[in-house]
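For reference, the structure discussed in these notes is given below.
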Amino acid sequence: MVSDSGDGAPLIGVIDAGTKTVQFCVFRSQHAQEIAGDAIDVTQQTPQEGWFEEDPTEILQAVKTCMKNVVNKLDEKKCKEIVAIGITNQRETTVVWDKTTGEPLYNAIVWNDIRTDSTVDIILAKVPENNKNYFKPLCGLPISPYFSAFKLKWLMHHVPEVKKAIKAKKCLFGTVDTWILWNLTGGPNGGLHLTDVTNASRTFLMNIETFHWDPILLHTFKIPEEILPEIRSSSEIYGKIFGDDFPLKGVPISGILGNQQSALIGQNCFKEGQAKNTYRSGCFLLYNTGTNRVQSSHGLVTTVAYKFGNSPPVYALEGSVAVAGSALSWLRDNMGFLKDVHQDTESLAKEVFNTGDVYFVPAFTGLYAPYWRKDARGIICGLTAFSTKQHIIRAALEAICFQTRDILEAMNKDCGIPLTKLNVDGRLTRNDLLMQLQADISGIPVIRAQSQDITALGVAMAAGRASGIGVWDLESEERDVVPSDTFLPTTTEDERDSRYTKWKMAVQRSLGWAVPKKTLSMTEEKYRLLASIPGSLYLIGSFGLLALSEYLAASGAKA
């Protein structure tokens, strides 16, 4: 279906490669409503518990198919009006491929995959006091399986094809944006190996101040810089669609943004102090801190919000929730409580007036911000003989809201200025009950964007405003603003705080379930540290400890 006002303004195409769905859609410049689109779900594989993979070739084929389907919906005249392409993508997801054949060397490891616990141990063993925040001054991020460098290190260590390709200088690494761009611009025949600052800032390898790959971090992970893409701004002409594999040959690609940063732009959060929360399989709250890099001391990460061409970079504080909508999918797939997440969740949760004091902490793969506890696991507590599936479904909705409040509390402490409203988007925001619960639990108005394409809109704006394209004026008063509706809090502060206190109690009970083992890699790292001590010093220290123990034993006998 094609919907268009027909005012003749140029068109912007957008590739949106999300965690579960790939889509291609088209916007008319200065307008917030897409005029055409097509989407395809991609298969997610789980070879082991906590492992999440996708086939990079399937992602690429989905992009190609969606583009062809949209081009077929548009007439030839409209296709010629497409002046630029933007790419937005799931962040942190890691792809490695052979630059001579274009073939992936392994499946893409998805952002919420936790197989890299052993890699985390290797890095923690190298830093003083196993401090997970040791590298935050360099990259803004805590040591966590979440980020791309740990996934890349795992691939280098465990996949022989990757080792061989690196040794033969044929390996390329990228996040999903890089993989798509490289193929769009020629692949093995001169494809551009680039990424933008927002995606690079999620790898754990980019210096958050210089916007270059950091030599200290590269040395720590032992990652060769030649396999990494060149870092560019979020809004500039990178190259053009090349060859006959993809439609729209010759159209410039001029915008790249990680999906959460793209949603921040789509929500028009250009001013310091504005924030948005996106509700999808996970939950992602970004707070614009302007040109200031705010180093969080309360569990948030410092990330790049965007950098438009030669303009100064804009930073953000981010809180990421690993499990939001995916908790509802778990209730459907594993527990059989639901048939359809989007149709049944709200109606079933409304059958009860509250959760009956049931709390659900969906820490299936640990907890992200602000806790960063990979040893946490999911719990449901407060159950009684009267608890029903409706109570648990409602508790799952409240869990999304409580996790968002966790992040809001941390942002208030870091920035000193509480948010007065929260802009929200994402498919889950269709659930009116969820939005009302969010307002009631956080105590601030929730402003819901009525458009489902906020993420795609953000990168369309970035691509359209790029130098050399210049068809989207972000300062114009005539440009469309996405319509919204508002949910106001209906609870008292005492009610909110009482329930939040119990949520914190539930979180405490979820910690420490996945007892960390001394992995072989951790043991080997400690052994290497011991082996570096000179033998004579080791012997002196050993005899000293032996003498001390004998002295203490003798003293005890006299007493």
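FYI, nothing fancy with the structure tokens labels: chains A, B, ... in order, residues from 1 per chain, ligands from 1 as they appear.
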
TODO: Check the DSSP output for the backbone and give back, as a list of chain:residue names, the residues of region 139-283 of chain A in strand (DSSP E).
DONE: A:Cys171, A:Leu172, A:Phe173, A:Gly174, A:Leu194, A:Thr195, A:Asp196, A:Glu230, A:Ile231, A:Arg232, A:Ser235, A:Glu236, A:Ile237, A:Tyr238, A:Gly239, A:Lys240, A:Pro252, A:Ile253, A:Ser254, A:Gly255, A:Ile256, A:Leu257, A:Gly258, A:Ala275, A:Lys276, A:Asn277, A:Thr278, A:Tyr279, A:Cys283

Which neighbours of Glu225 (chain A) fall inside 9 Å, counting only C-alpha atoms, when residues of the same chain fewer than 6 positions from it are skipped, and could you give them as a CSV table (one decimal) with C-alpha atoms, in the first residue's frame?
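Listing of out-v3.csv after writing:
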```
chain,number,residue,atom,x,y,z
A,213,TRP,CA,39.7,2.9,17.7
A,215,PRO,CA,45.0,1.5,21.1
A,218,LEU,CA,42.7,-3.0,21.0
```

Open item on the list: So that I can check the surroundings of Ile85 (chain A), please list as a ChimeraX atom specification every protein, DNA and RNA residue that reaches within 10 Å of it, counting only C-alpha atoms and ignoring chain neighbours fewer than 4 positions away.
Closed with: /A:11-15,24-26,237,240-241,248,251-256,459-460,462-464

Task: Residues within 7 Å of Leu228 (chain A), only C-alpha atoms, excluding chain neighbours under 6 positions, as a PyMOL selection string - done: chain A and resi 172-174

So that I have them on file, write out the residues from the current selection with N, CA and C atoms, as an mmCIF file, in the first residue's frame.
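As written to disk, out_38.cif reads:
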```
data_model
loop_
_atom_site.group_PDB
_atom_site.id
_atom_site.type_symbol
_atom_site.label_atom_id
_atom_site.label_comp_id
_atom_site.auth_asym_id
_atom_site.auth_seq_id
_atom_site.Cartn_x
_atom_site.Cartn_y
_atom_site.Cartn_z
ATOM 1 N N LEU A 172 36.981 -9.364 7.896
ATOM 2 C CA LEU A 172 36.417 -8.055 8.223
ATOM 3 C C LEU A 172 35.395 -8.225 9.339
ATOM 4 N N PHE A 173 35.368 -7.246 10.232
ATOM 5 C CA PHE A 173 34.387 -7.221 11.325
ATOM 6 C C PHE A 173 33.467 -6.020 11.134
ATOM 7 N N GLY A 174 32.235 -6.189 11.565
ATOM 8 C CA GLY A 174 31.327 -5.042 11.567
ATOM 9 C C GLY A 174 30.076 -5.347 12.362
#
```

Open item on the list: Could you list, as number ranges by chain, every residue within 6 Å of region 386-391 of chain A, counting only C-alpha atoms and ignoring same-chain residues fewer than 5 positions away?
Closed with: A: 348-349, 355

Open item on the list: as a PyMOL selection string, please: the residues near Arg293 (chain A) (cut-off 8 Å, only C-alpha atoms, same-chain neighbours under 3 positions excluded).
Closed with: chain A and resi 289-290+302+315-316

- [ ] Go ahead and compute the interatomic distance for CA of Pro224 (chain A) and CA of Gly191 (chain A), in Å to one decimal.
- [x]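 Between these atoms lies a distance of 19.9 Å.
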
Task: Top pick for closest residue to Thr345 (chain A), considering A:Lys421, A:Lys502, A:Lys276, A:Arg430 and counting only C-alpha atoms - done: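 Of A:Lys421, A:Lys502, A:Lys276, A:Arg430, the one nearest Thr345 (chain A) is A:Arg430, counting only C-alpha atoms.
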
- [ ] Excluding Thr303 (chain A) and residues on its chain fewer than 4 positions from it, collect all residues at most 10 Å away from it, counting only C-alpha atoms, and give them as a list of chain:residue names.
- [x]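 Near neighbours after the sequence-gap exclusion: A:Cys139, A:Gly140, A:Leu141, A:Val197, A:Thr198, A:Asn199, A:Ala200, A:Ser201, A:Arg202, A:Ile208, A:Gln261, A:Leu286, A:Tyr287, A:Asn288, A:Thr289, A:Arg293, A:Val294, A:Gln295, A:Val314, A:Tyr315, A:Ala316, A:Leu317, A:Glu318.
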
Could the residues in this selection be written to a file with N, CA, C and O atoms, as a JSON list (two decimals), in the first residue's frame?
```json
[["chain", "number", "residue", "atom", "x", "y", "z"],
["A", 139, "CYS", "N", 35.94, 4.33, 27.03],
["A", 139, "CYS", "CA", 34.88, 4.00, 26.08],
["A", 139, "CYS", "C", 33.48, 4.27, 26.60],
["A", 139, "CYS", "O", 32.50, 4.15, 25.85],
["A", 140, "GLY", "N", 33.34, 4.62, 27.87],
["A", 140, "GLY", "CA", 32.04, 4.94, 28.43],
["A", 140, "GLY", "C", 31.24, 3.74, 28.87],
["A", 140, "GLY", "O", 30.12, 3.89, 29.36],
["A", 141, "LEU", "N", 31.81, 2.52, 28.75],
["A", 141, "LEU", "CA", 31.04, 1.29, 28.94],
["A", 141, "LEU", "C", 31.64, 0.42, 30.04],
["A", 141, "LEU", "O", 32.86, 0.39, 30.23],
["A", 197, "VAL", "N", 29.59, 6.70, 14.23],
["A", 197, "VAL", "CA", 30.04, 6.86, 15.62],
["A", 197, "VAL", "C", 29.10, 6.20, 16.62],
["A", 197, "VAL", "O", 29.54, 5.71, 17.67],
["A", 198, "THR", "N", 27.78, 6.18, 16.34],
["A", 198, "THR", "CA", 26.85, 5.60, 17.31],
["A", 198, "THR", "C", 27.05, 4.10, 17.43],
["A", 198, "THR", "O", 27.06, 3.55, 18.53],
["A", 199, "ASN", "N", 27.22, 3.42, 16.31],
["A", 199, "ASN", "CA", 27.47, 1.98, 16.36],
["A", 199, "ASN", "C", 28.87, 1.67, 16.89],
["A", 199, "ASN", "O", 29.05, 0.73, 17.67],
["A", 200, "ALA", "N", 29.85, 2.47, 16.49],
["A", 200, "ALA", "CA", 31.22, 2.25, 16.98],
["A", 200, "ALA", "C", 31.31, 2.43, 18.49],
["A", 200, "ALA", "O", 32.08, 1.74, 19.17],
["A", 201, "SER", "N", 30.48, 3.33, 19.02],
["A", 201, "SER", "CA", 30.53, 3.60, 20.46],
["A", 201, "SER", "C", 29.97, 2.44, 21.27],
["A", 201, "SER", "O", 30.09, 2.42, 22.50],
["A", 202, "ARG", "N", 29.37, 1.44, 20.60],
["A", 202, "ARG", "CA", 28.80, 0.28, 21.31],
["A", 202, "ARG", "C", 29.69, -0.96, 21.19],
["A", 202, "ARG", "O", 29.30, -2.04, 21.63],
["A", 208, "ILE", "N", 35.77, 7.29, 23.39],
["A", 208, "ILE", "CA", 34.57, 8.12, 23.42],
["A", 208, "ILE", "C", 34.88, 9.60, 23.23],
["A", 208, "ILE", "O", 34.00, 10.40, 22.94],
["A", 261, "GLN", "N", 19.63, 5.36, 19.01],
["A", 261, "GLN", "CA", 19.96, 6.76, 18.71],
["A", 261, "GLN", "C", 19.04, 7.32, 17.63],
["A", 261, "GLN", "O", 18.65, 8.49, 17.67],
["A", 286, "LEU", "N", 17.40, 6.64, 26.51],
["A", 286, "LEU", "CA", 18.50, 7.55, 26.21],
["A", 286, "LEU", "C", 18.16, 8.95, 26.68],
["A", 286, "LEU", "O", 17.04, 9.43, 26.44],
["A", 287, "TYR", "N", 19.13, 9.60, 27.31],
["A", 287, "TYR", "CA", 18.98, 10.95, 27.86],
["A", 287, "TYR", "C", 20.03, 11.83, 27.22],
["A", 287, "TYR", "O", 21.24, 11.59, 27.36],
["A", 288, "ASN", "N", 19.61, 12.83, 26.46],
["A", 288, "ASN", "CA", 20.51, 13.73, 25.75],
["A", 288, "ASN", "C", 21.28, 14.59, 26.75],
["A", 288, "ASN", "O", 20.67, 15.34, 27.53],
["A", 289, "THR", "N", 22.61, 14.49, 26.74],
["A", 289, "THR", "CA", 23.45, 15.32, 27.63],
["A", 289, "THR", "C", 24.19, 16.42, 26.85],
["A", 289, "THR", "O", 25.14, 17.02, 27.36],
["A", 293, "ARG", "N", 30.12, 14.99, 27.97],
["A", 293, "ARG", "CA", 30.20, 13.56, 28.27],
["A", 293, "ARG", "C", 30.01, 13.39, 29.77],
["A", 293, "ARG", "O", 30.89, 13.74, 30.56],
["A", 294, "VAL", "N", 28.87, 12.86, 30.15],
["A", 294, "VAL", "CA", 28.59, 12.63, 31.57],
["A", 294, "VAL", "C", 29.00, 11.20, 31.92],
["A", 294, "VAL", "O", 28.48, 10.25, 31.35],
["A", 295, "GLN", "N", 29.97, 11.06, 32.82],
["A", 295, "GLN", "CA", 30.40, 9.74, 33.27],
["A", 295, "GLN", "C", 29.51, 9.31, 34.43],
["A", 295, "GLN", "O", 29.53, 9.91, 35.50],
["A", 314, "VAL", "N", 27.11, 14.96, 19.84],
["A", 314, "VAL", "CA", 26.15, 15.06, 20.95],
["A", 314, "VAL", "C", 26.17, 13.72, 21.67],
["A", 314, "VAL", "O", 26.14, 12.66, 21.04],
["A", 315, "TYR", "N", 26.23, 13.76, 22.99],
["A", 315, "TYR", "CA", 26.33, 12.55, 23.81],
["A", 315, "TYR", "C", 25.02, 12.25, 24.51],
["A", 315, "TYR", "O", 24.11, 13.08, 24.56],
["A", 316, "ALA", "N", 24.95, 11.03, 25.06],
["A", 316, "ALA", "CA", 23.77, 10.63, 25.82],
["A", 316, "ALA", "C", 24.18, 9.69, 26.94],
["A", 316, "ALA", "O", 25.21, 9.01, 26.86],
["A", 317, "LEU", "N", 23.38, 9.68, 27.99],
["A", 317, "LEU", "CA", 23.44, 8.61, 28.98],
["A", 317, "LEU", "C", 22.42, 7.57, 28.58],
["A", 317, "LEU", "O", 21.31, 7.92, 28.14],
["A", 318, "GLU", "N", 22.76, 6.30, 28.70],
["A", 318, "GLU", "CA", 21.83, 5.25, 28.30],
["A", 318, "GLU", "C", 21.68, 4.20, 29.38],
["A", 318, "GLU", "O", 22.66, 3.80, 30.02]]
```

What are the nearest atom pairs, with distances in Å to one decimal, for all residues of region 361-432 of chain A that come at most 10 Å from region 41-58 of chain A, using only C-alpha atoms, set out by chain and rising residue number as CSV?
```
residue,atom,partner,partner_atom,distance
A:Phe364,CA,A:Gly50,CA,8.2
A:Thr365,CA,A:Gly50,CA,6.4
A:Gly366,CA,A:Gly50,CA,9.9
```

Task: Which of region 203-382 of chain A DSSP labels helix (DSSP H, G or I), written as a PyMOL selection string - done: chain A and resi 215-221+225-227+259-266+325-333+341-349

Given the selection you just returned, output its residues as a file containing N, CA and C atoms, formatted as a short mmCIF file (atom, residue, chain, number, x, y, z; two decimals), in the first residue's frame.
```cif
data_model
loop_
_atom_site.label_atom_id
_atom_site.label_comp_id
_atom_site.auth_asym_id
_atom_site.auth_seq_id
_atom_site.Cartn_x
_atom_site.Cartn_y
_atom_site.Cartn_z
N PRO A 215 43.91 2.43 21.06
CA PRO A 215 45.02 1.46 21.06
C PRO A 215 45.10 0.64 22.34
N ILE A 216 44.74 1.23 23.47
CA ILE A 216 44.78 0.47 24.73
C ILE A 216 43.75 -0.65 24.71
N LEU A 217 42.56 -0.33 24.24
CA LEU A 217 41.50 -1.34 24.19
C LEU A 217 41.82 -2.43 23.15
N LEU A 218 42.35 -2.01 22.01
CA LEU A 218 42.73 -3.00 21.00
C LEU A 218 43.81 -3.94 21.54
N HIS A 219 44.77 -3.38 22.28
CA HIS A 219 45.83 -4.21 22.87
C HIS A 219 45.26 -5.14 23.93
N THR A 220 44.32 -4.64 24.72
CA THR A 220 43.72 -5.46 25.78
C THR A 220 43.01 -6.68 25.20
N PHE A 221 42.28 -6.47 24.11
CA PHE A 221 41.53 -7.56 23.48
C PHE A 221 42.35 -8.32 22.43
N GLU A 225 43.67 -3.90 14.26
CA GLU A 225 42.85 -2.77 13.81
C GLU A 225 42.43 -2.90 12.36
N GLU A 226 43.20 -3.65 11.55
CA GLU A 226 42.88 -3.71 10.12
C GLU A 226 41.57 -4.44 9.83
N ILE A 227 41.03 -5.19 10.79
CA ILE A 227 39.75 -5.86 10.53
C ILE A 227 38.56 -4.96 10.88
N ASN A 259 19.87 1.84 16.22
CA ASN A 259 18.42 2.03 16.28
C ASN A 259 17.95 2.87 17.45
N GLN A 260 18.61 2.79 18.59
CA GLN A 260 18.14 3.59 19.73
C GLN A 260 18.48 5.08 19.57
N GLN A 261 19.63 5.36 19.01
CA GLN A 261 19.96 6.76 18.71
C GLN A 261 19.04 7.32 17.63
N SER A 262 18.67 6.47 16.67
CA SER A 262 17.76 6.90 15.62
C SER A 262 16.40 7.25 16.19
N ALA A 263 15.94 6.46 17.17
CA ALA A 263 14.66 6.77 17.82
C ALA A 263 14.74 8.08 18.60
N LEU A 264 15.90 8.37 19.20
CA LEU A 264 16.08 9.64 19.92
C LEU A 264 15.88 10.82 18.97
N ILE A 265 16.43 10.70 17.75
CA ILE A 265 16.27 11.76 16.75
C ILE A 265 14.83 11.80 16.25
N GLY A 266 14.25 10.63 15.99
CA GLY A 266 12.87 10.59 15.54
C GLY A 266 11.91 11.21 16.53
N GLY A 325 9.80 -6.80 26.23
CA GLY A 325 8.79 -7.54 25.48
C GLY A 325 9.07 -9.02 25.40
N SER A 326 10.35 -9.40 25.46
CA SER A 326 10.69 -10.82 25.38
C SER A 326 10.20 -11.60 26.60
N ALA A 327 9.94 -10.91 27.73
CA ALA A 327 9.33 -11.59 28.89
C ALA A 327 7.91 -12.03 28.56
N LEU A 328 7.19 -11.20 27.80
CA LEU A 328 5.83 -11.55 27.39
C LEU A 328 5.87 -12.71 26.39
N SER A 329 6.88 -12.71 25.52
CA SER A 329 7.03 -13.84 24.59
C SER A 329 7.31 -15.12 25.35
N TRP A 330 8.07 -15.02 26.44
CA TRP A 330 8.36 -16.19 27.28
C TRP A 330 7.08 -16.72 27.93
N LEU A 331 6.23 -15.82 28.40
CA LEU A 331 4.95 -16.24 28.98
C LEU A 331 4.07 -16.93 27.94
N ARG A 332 4.22 -16.53 26.70
CA ARG A 332 3.46 -17.17 25.62
C ARG A 332 4.07 -18.52 25.23
N ASP A 333 5.37 -18.50 24.92
CA ASP A 333 6.02 -19.68 24.34
C ASP A 333 6.34 -20.76 25.36
N VAL A 341 0.88 -12.04 21.93
CA VAL A 341 1.41 -11.04 22.87
C VAL A 341 0.69 -9.71 22.74
N HIS A 342 0.49 -9.26 21.51
CA HIS A 342 -0.04 -7.91 21.31
C HIS A 342 -1.55 -7.84 21.45
N GLN A 343 -2.24 -8.96 21.30
CA GLN A 343 -3.70 -8.94 21.42
C GLN A 343 -4.19 -9.34 22.80
N ASP A 344 -3.47 -10.27 23.45
CA ASP A 344 -3.98 -10.85 24.69
C ASP A 344 -3.44 -10.22 25.97
N THR A 345 -2.23 -9.66 25.91
CA THR A 345 -1.56 -9.22 27.14
C THR A 345 -2.40 -8.21 27.92
N GLU A 346 -2.84 -7.16 27.24
CA GLU A 346 -3.56 -6.09 27.94
C GLU A 346 -4.90 -6.59 28.48
N SER A 347 -5.63 -7.34 27.67
CA SER A 347 -6.96 -7.78 28.11
C SER A 347 -6.87 -8.72 29.31
N LEU A 348 -5.90 -9.64 29.31
CA LEU A 348 -5.75 -10.56 30.44
C LEU A 348 -5.27 -9.83 31.69
N ALA A 349 -4.32 -8.89 31.51
CA ALA A 349 -3.80 -8.15 32.67
C ALA A 349 -4.88 -7.27 33.30
#
```

Task: Separation of CA of Val361 (chain A) from CA of Arg280 (chain A), in Å and rounded to one decimal - done: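 Separation of CA of Val361 (chain A) and CA of Arg280 (chain A): 16.9 Å.
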
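The closest residue to Thr195 (chain A), picked from A:Ser29, A:Thr404, A:Asn89, A:Thr116 and counting only C-alpha atoms, is A:Asn89.
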
- [ ] Could you tell me how far CA of Phe147 (chain A) lies from CA of Ala456 (chain A), in Å and to one decimal?
- [x] 22.9 Å

TODO: Considering only C-alpha atoms, state which residue in the set A:Lys68, A:His157, A:Lys170, A:Arg377 is at the smallest distance from Pro104 (chain A).
DONE: A:Lys170
